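This report refers to the structure that appears directly beneath it.
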Amino acid sequence: MTTFEHLMEVCLKRAIIYPDSEPHGAIAGFYDYGSVGSEIKRRFENEWRNYFLNVNDNYHEIETCSIMPEKVFKASGHLDHFFDPIAECGKCHTKSRADHLLEDVLGEKFEGLDADRLNELIKEHNLVCPKCKSQFKDIENFIMMFPVTIGAGDSTSLGYLRPETAQGPYSAFKREFRANRQRLPLGLGIVGRAYRNEISPRQATIRQREFTQAELQIFFDPEEEPEVPFDKVADKLVRLWPQGAKKVKEVTAKEAMKVTGMSEFFVYHLALVQDFFRRIGLYEHVRAYEVPEAERAFYNKYQWDHEIFMPSMDKWLEVMGFHYRTDYDLKSHSKATGEKMNVPGKGYVPHVLELSFGVDRCVLALLDTSYKKDDKREWFALNPLVAPWDVGVYPLVNKDKLPQRAREIQQLLKLEGLKVFYDSGGSIGRRYARADEIGVTYGVTIDFDTLEDDTVTVRFRDSTEQKRVKISDLPSVLK
Ligand SMILES: [Zn+2]
């Protein structure tokens with residue numbers, strides 16, 4: 001059984017993930033992606049773009065700023081509601097998140113409860129400071145956004161680092177709607193950074209202060225729900241954990257309409273989310289948890305949190321939120337600015353379905369669920385779409401024209417669009433092991449026979465099976 005600590009050791013050792021500003025004493029909640037981790041993360045992000053931005057030809061990617069003026073967050077409700085409930089020890093003054101304290105002790109979810117209710121629960125269960133066992137003071141709310149002073153001298157104004165990418169598309173909606181010939185549905189996606197001043201950052205990249213989101217905001221007319229090609233997903237399986245169910249139900253998208261009580265438009269997008277997880281090898285680890293009304297933001301009409309079972313932690317981790325946010329966002333911004341954002345010819349604004357992915361958590365889930373170890377070796381059995389490289393190219397020895405031939409083959413594979421790296425150091429067994437350790441899908445070895453008959457040895461990471469292949473057939477075999 002691999003522990004989370006071991007997984008993190010592996011990530012540190014192989015330049016996948018490590019703490020930011022390490023030589024200066026890293027601050028909790030800030031992590032960097034190394035030379036290997038960046039490749040995996042970028043591939044995940046690109047797969048996300050390829051998949052979701054091709055769902056409809058009116059779904060687009062935009063890029064908006066990380067610093068936004070205070071007014072935006074007044075309108076969005078963040079300034080009034082985006083707090084963490086903090087329990088401070090009366091004696092040693094250690095601060096902890098009240099809902100996490102309860103979760104750790106009682107093993108249930110307590111997110112979204114107000115301070116009064118949390119105070120009651122803490123008293124009811126006699127929770128005390130984990131460090132010195134003293135009583136807590138009354139819970140206080142702590143704003144989670146990082147403030148930023150914009151400008152200098154007399155002309156400064158207050159801004160915040162965005163706590164989610166979503167406010168960018170809401171602010172850009174009117175302009176994009178016009179530019180895209182006022183068609184609905186309109187999807188605006190962002191892959192970008194967001195920031196939260198977490199009081200208690202959790203292990204590694206699970207709860208960070210700076211993190212990456214991939215979010216798609218889909219604007220649509222609620223009274224004329226958009227038609228979707230539902231038959232394309234009707235038979236695809238989805239894994240759901242609806243309210244009141246004792247365990248996860250695996251049903252077809254068609255059956256999911258009855259299970260969830262949602263219409264084709266919503267179930268179609270939920271099925272796409274799970275199909276995306278299927279594409280990158282995470283489907284069998286996923287479940288969609290129907291969040292009960294008491295835990296949802298008041299504007300979310302439907303909320304299905306997608307969670308992945310993390311073997312090293314022996315628990316479920318939320319990686320994606322499926323949120324039907326109704327008219328809350330556009331209405332709030334419209335009210336604050338006086339700008340009309342109506343559906344053409346109608347008295348209401350478009351509604352929003354949000355697909356919100358935590359990129360760092362998805363990457364961590366990919367690593368955790370694909371980590372393998374036996375008595376000979378350890379490796380990441382990553383799906384080829386999210387492996388850091390497709391192929392490693394290795395000359396058997398560093399002489400007799402083998403390196404030269406290997407470089408030619410590397411170039412040939414690169415031109416075929418494969419991601420290739422070259423390694424000529426150490427024994428061939430050691431090079432295979434190094435590549436396995438970072439999840440490279442294939443290895444290609446160039447030996448003396450290559451010079452004679454134009455064949456190479458192809459080795460597959462997961463089975464270590466080897467096969468002799470003609471160089472001319474290599475691109476099609478690997479693809
Ligand atoms: Zn204490």
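The chains in the structure tokens are called A, B, ... from first to last as shown; in each chain the residues are counted from 1, and the ligands are counted from 1 in the order shown.
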Could you name the residues that touch segment 208-210 of chain A at 7 Å or less, counting only C-alpha atoms, but leaving out those on the same chain fewer than 3 positions away, as a ChimeraX atom specification?
/A:29-30,193-198,201,205
Within 8 Å of ligand 1, counting only C-alpha atoms and all ligand atoms: which residues, as a ChimeraX atom specification?
/A:88-94,128-136
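Comparing A:Pro242, A:Gly443, A:Gly107, A:Pro292 by their smallest distance to Lys419 of chain A, the closest is A:Gly443 (using only C-alpha atoms).
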Of the candidates A:His125, A:Lys13, A:Lys315, A:Lys254, which one gets nearest to Leu106 of chain A if we count only C-alpha atoms?
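Answer, going by the shortest atom-to-atom distance: A:His125.
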From a DSSP calculation on the backbone, collect every residue of segment 243-401 of chain A in alpha helix (DSSP H) and output the set as an MDAnalysis selection string.
chainID A and resid 253:260 264:279 328:337 359:370
For Pro388 of chain A, which residue among A:Ser38, A:Thr3, A:Gln203, A:Ser472 is the nearest when counting only C-alpha atoms?
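Answer, going by the shortest atom-to-atom distance: A:Ser38.
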Shell of 9 Å around segment 159-168 of chain A, only C-alpha atoms, local chain residues under 2 positions omitted, as an MDAnalysis selection string
chainID A and resid 62:73 76 78 144:150 157 170:173 189:197 212:217 329 354 356
Would you mind exporting C-alpha atoms of the selected residues as an mmCIF file, in the first residue's frame?
data_model
loop_
_atom_site.group_PDB
_atom_site.id
_atom_site.type_symbol
_atom_site.label_atom_id
_atom_site.label_comp_id
_atom_site.auth_asym_id
_atom_site.auth_seq_id
_atom_site.Cartn_x
_atom_site.Cartn_y
_atom_site.Cartn_z
ATOM 1 C CA ILE A 62 -10.693 33.454 -23.389
ATOM 2 C CA GLU A 63 -7.936 34.776 -21.148
ATOM 3 C CA THR A 64 -8.773 37.368 -18.511
ATOM 4 C CA CYS A 65 -6.767 39.076 -15.764
ATOM 5 C CA SER A 66 -5.885 37.592 -12.387
ATOM 6 C CA ILE A 67 -6.210 40.956 -10.614
ATOM 7 C CA MET A 68 -9.702 42.420 -10.735
ATOM 8 C CA PRO A 69 -11.153 45.560 -9.143
ATOM 9 C CA GLU A 70 -12.934 45.392 -5.801
ATOM 10 C CA LYS A 71 -16.264 46.253 -7.457
ATOM 11 C CA VAL A 72 -16.305 42.910 -9.274
ATOM 12 C CA PHE A 73 -16.185 41.017 -5.997
ATOM 13 C CA SER A 76 -20.289 38.712 -7.246
ATOM 14 C CA HIS A 78 -17.421 37.326 -2.604
ATOM 15 C CA MET A 144 -10.116 34.338 1.751
ATOM 16 C CA MET A 145 -9.143 36.719 -1.044
ATOM 17 C CA PHE A 146 -5.687 38.302 -1.382
ATOM 18 C CA PRO A 147 -6.040 42.106 -1.523
ATOM 19 C CA VAL A 148 -3.841 44.021 -3.985
ATOM 20 C CA THR A 149 -3.070 47.752 -4.036
ATOM 21 C CA ILE A 150 -3.282 48.982 -7.615
ATOM 22 C CA SER A 157 -7.414 51.592 -5.740
ATOM 23 C CA TYR A 170 -19.149 36.960 -16.532
ATOM 24 C CA SER A 171 -17.504 40.354 -17.015
ATOM 25 C CA ALA A 172 -16.678 39.523 -20.642
ATOM 26 C CA PHE A 173 -20.114 38.075 -21.416
ATOM 27 C CA GLY A 189 -13.648 28.741 -20.980
ATOM 28 C CA ILE A 190 -10.524 29.711 -19.072
ATOM 29 C CA VAL A 191 -7.511 27.676 -18.040
ATOM 30 C CA GLY A 192 -5.747 29.877 -15.529
ATOM 31 C CA ARG A 193 -4.559 30.691 -12.063
ATOM 32 C CA ALA A 194 -6.736 31.485 -9.069
ATOM 33 C CA TYR A 195 -5.764 32.451 -5.511
ATOM 34 C CA ARG A 196 -7.207 31.804 -2.078
ATOM 35 C CA ASN A 197 -5.646 32.787 1.204
ATOM 36 C CA THR A 212 -4.954 26.354 -11.594
ATOM 37 C CA GLN A 213 -8.540 25.973 -12.696
ATOM 38 C CA ALA A 214 -10.025 24.903 -16.005
ATOM 39 C CA GLU A 215 -13.538 26.299 -16.071
ATOM 40 C CA LEU A 216 -16.204 26.483 -18.741
ATOM 41 C CA GLN A 217 -19.144 28.847 -18.231
ATOM 42 C CA ASP A 329 -24.036 35.757 -11.905
ATOM 43 C CA GLU A 354 -20.488 25.871 -14.947
ATOM 44 C CA SER A 356 -15.241 23.725 -12.976
#
Backbone DSSP call of strand (DSSP E) for segment 144-173 of chain A, listed as a PDB file with all heavy atoms, in the first residue's frame:
ATOM      1  N   PRO A 147      -5.871  40.745  -1.033  1.00  0.00           N
ATOM      2  CA  PRO A 147      -6.040  42.106  -1.523  1.00  0.00           C
ATOM      3  C   PRO A 147      -4.777  42.586  -2.251  1.00  0.00           C
ATOM      4  O   PRO A 147      -3.670  42.141  -1.935  1.00  0.00           O
ATOM      5  CB  PRO A 147      -6.259  42.926  -0.246  1.00  0.00           C
ATOM      6  CG  PRO A 147      -5.690  42.099   0.850  1.00  0.00           C
ATOM      7  CD  PRO A 147      -5.653  40.668   0.407  1.00  0.00           C
ATOM      8  N   VAL A 148      -4.949  43.474  -3.211  1.00  0.00           N
ATOM      9  CA  VAL A 148      -3.841  44.021  -3.985  1.00  0.00           C
ATOM     10  C   VAL A 148      -4.042  45.528  -4.092  1.00  0.00           C
ATOM     11  O   VAL A 148      -5.151  45.979  -4.407  1.00  0.00           O
ATOM     12  CB  VAL A 148      -3.816  43.445  -5.424  1.00  0.00           C
ATOM     13  CG1 VAL A 148      -2.648  44.019  -6.214  1.00  0.00           C
ATOM     14  CG2 VAL A 148      -3.760  41.937  -5.418  1.00  0.00           C
ATOM     15  N   THR A 149      -2.977  46.307  -3.832  1.00  0.00           N
ATOM     16  CA  THR A 149      -3.070  47.752  -4.036  1.00  0.00           C
ATOM     17  C   THR A 149      -2.662  48.052  -5.471  1.00  0.00           C
ATOM     18  O   THR A 149      -1.559  47.696  -5.888  1.00  0.00           O
ATOM     19  CB  THR A 149      -2.134  48.503  -3.072  1.00  0.00           C
ATOM     20  OG1 THR A 149      -2.459  48.083  -1.747  1.00  0.00           O
ATOM     21  CG2 THR A 149      -2.303  49.999  -3.202  1.00  0.00           C
ATOM     22  N   ILE A 150      -3.560  48.690  -6.208  1.00  0.00           N
ATOM     23  CA  ILE A 150      -3.282  48.982  -7.615  1.00  0.00           C
ATOM     24  C   ILE A 150      -2.857  50.438  -7.734  1.00  0.00           C
ATOM     25  O   ILE A 150      -3.546  51.321  -7.225  1.00  0.00           O
ATOM     26  CB  ILE A 150      -4.530  48.715  -8.482  1.00  0.00           C
ATOM     27  CG1 ILE A 150      -5.008  47.263  -8.281  1.00  0.00           C
ATOM     28  CG2 ILE A 150      -4.242  48.995  -9.950  1.00  0.00           C
ATOM     29  CD1 ILE A 150      -6.395  46.990  -8.800  1.00  0.00           C
ATOM     30  N   SER A 157      -6.100  52.192  -5.971  1.00  0.00           N
ATOM     31  CA  SER A 157      -7.414  51.592  -5.740  1.00  0.00           C
ATOM     32  C   SER A 157      -7.186  50.161  -5.268  1.00  0.00           C
ATOM     33  O   SER A 157      -6.093  49.620  -5.394  1.00  0.00           O
ATOM     34  CB  SER A 157      -8.256  51.622  -7.020  1.00  0.00           C
ATOM     35  OG  SER A 157      -7.629  50.846  -8.005  1.00  0.00           O
ATOM     36  N   LEU A 158      -8.238  49.589  -4.746  1.00  0.00           N
ATOM     37  CA  LEU A 158      -8.123  48.244  -4.177  1.00  0.00           C
ATOM     38  C   LEU A 158      -8.598  47.207  -5.195  1.00  0.00           C
ATOM     39  O   LEU A 158      -9.628  47.384  -5.849  1.00  0.00           O
ATOM     40  CB  LEU A 158      -8.962  48.161  -2.897  1.00  0.00           C
ATOM     41  CG  LEU A 158      -8.942  46.821  -2.165  1.00  0.00           C
ATOM     42  CD1 LEU A 158      -7.539  46.444  -1.714  1.00  0.00           C
ATOM     43  CD2 LEU A 158      -9.881  46.847  -0.969  1.00  0.00           C
ATOM     44  N   GLY A 159      -7.824  46.172  -5.326  1.00  0.00           N
ATOM     45  CA  GLY A 159      -8.234  45.044  -6.156  1.00  0.00           C
ATOM     46  C   GLY A 159      -7.994  43.757  -5.385  1.00  0.00           C
ATOM     47  O   GLY A 159      -7.496  43.769  -4.266  1.00  0.00           O
ATOM     48  N   TYR A 160      -8.376  42.642  -5.999  1.00  0.00           N
ATOM     49  CA  TYR A 160      -8.115  41.331  -5.389  1.00  0.00           C
ATOM     50  C   TYR A 160      -7.604  40.382  -6.453  1.00  0.00           C
ATOM     51  O   TYR A 160      -7.949  40.502  -7.628  1.00  0.00           O
ATOM     52  CB  TYR A 160      -9.396  40.749  -4.788  1.00  0.00           C
ATOM     53  CG  TYR A 160      -9.856  41.461  -3.536  1.00  0.00           C
ATOM     54  CD1 TYR A 160     -10.781  42.496  -3.613  1.00  0.00           C
ATOM     55  CD2 TYR A 160      -9.348  41.108  -2.291  1.00  0.00           C
ATOM     56  CE1 TYR A 160     -11.200  43.166  -2.471  1.00  0.00           C
ATOM     57  CE2 TYR A 160      -9.759  41.771  -1.138  1.00  0.00           C
ATOM     58  CZ  TYR A 160     -10.683  42.791  -1.230  1.00  0.00           C
ATOM     59  OH  TYR A 160     -11.079  43.441  -0.098  1.00  0.00           O
ATOM     60  N   LEU A 161      -6.769  39.438  -6.007  1.00  0.00           N
ATOM     61  CA  LEU A 161      -6.429  38.319  -6.886  1.00  0.00           C
ATOM     62  C   LEU A 161      -7.691  37.469  -7.001  1.00  0.00           C
ATOM     63  O   LEU A 161      -8.334  37.186  -5.985  1.00  0.00           O
ATOM     64  CB  LEU A 161      -5.300  37.490  -6.283  1.00  0.00           C
ATOM     65  CG  LEU A 161      -3.913  38.144  -6.261  1.00  0.00           C
ATOM     66  CD1 LEU A 161      -2.926  37.232  -5.534  1.00  0.00           C
ATOM     67  CD2 LEU A 161      -3.427  38.407  -7.679  1.00  0.00           C
TER      68      LEU A 161
END
Using only C-alpha atoms, can you tell me which of A:Arg325, A:Val444, A:Lys74, A:Ala152 comes closest to Arg468 of chain A?
A:Val444
Find the residue from A:Phe357, A:Phe448, A:Tyr268, A:Phe110 that sits nearest to Phe230 of chain A; use only C-alpha atoms when measuring.
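Using only C-alpha atoms, Phe230 of chain A sits closest to A:Tyr268.
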Test item: residues at most 10 Å from Lys331 of chain A, only C-alpha atoms, excluding those fewer than 5 positions along its chain, as a list in words
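Close residues of Lys331 of chain A: Ala75, Ser76, Tyr170, Thr326, Ala336, Thr337, Gly338, Glu339, Lys340, Met341, Asn342, Tyr348, Val349, Pro350 and His351 of chain A.
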A:Thr2, A:Ala253, A:Thr457, A:Ala15 ranked by distance to Gly37 of chain A, top pick (using only C-alpha atoms)
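Of all the options, A:Ala15 lies closest to Gly37 of chain A.
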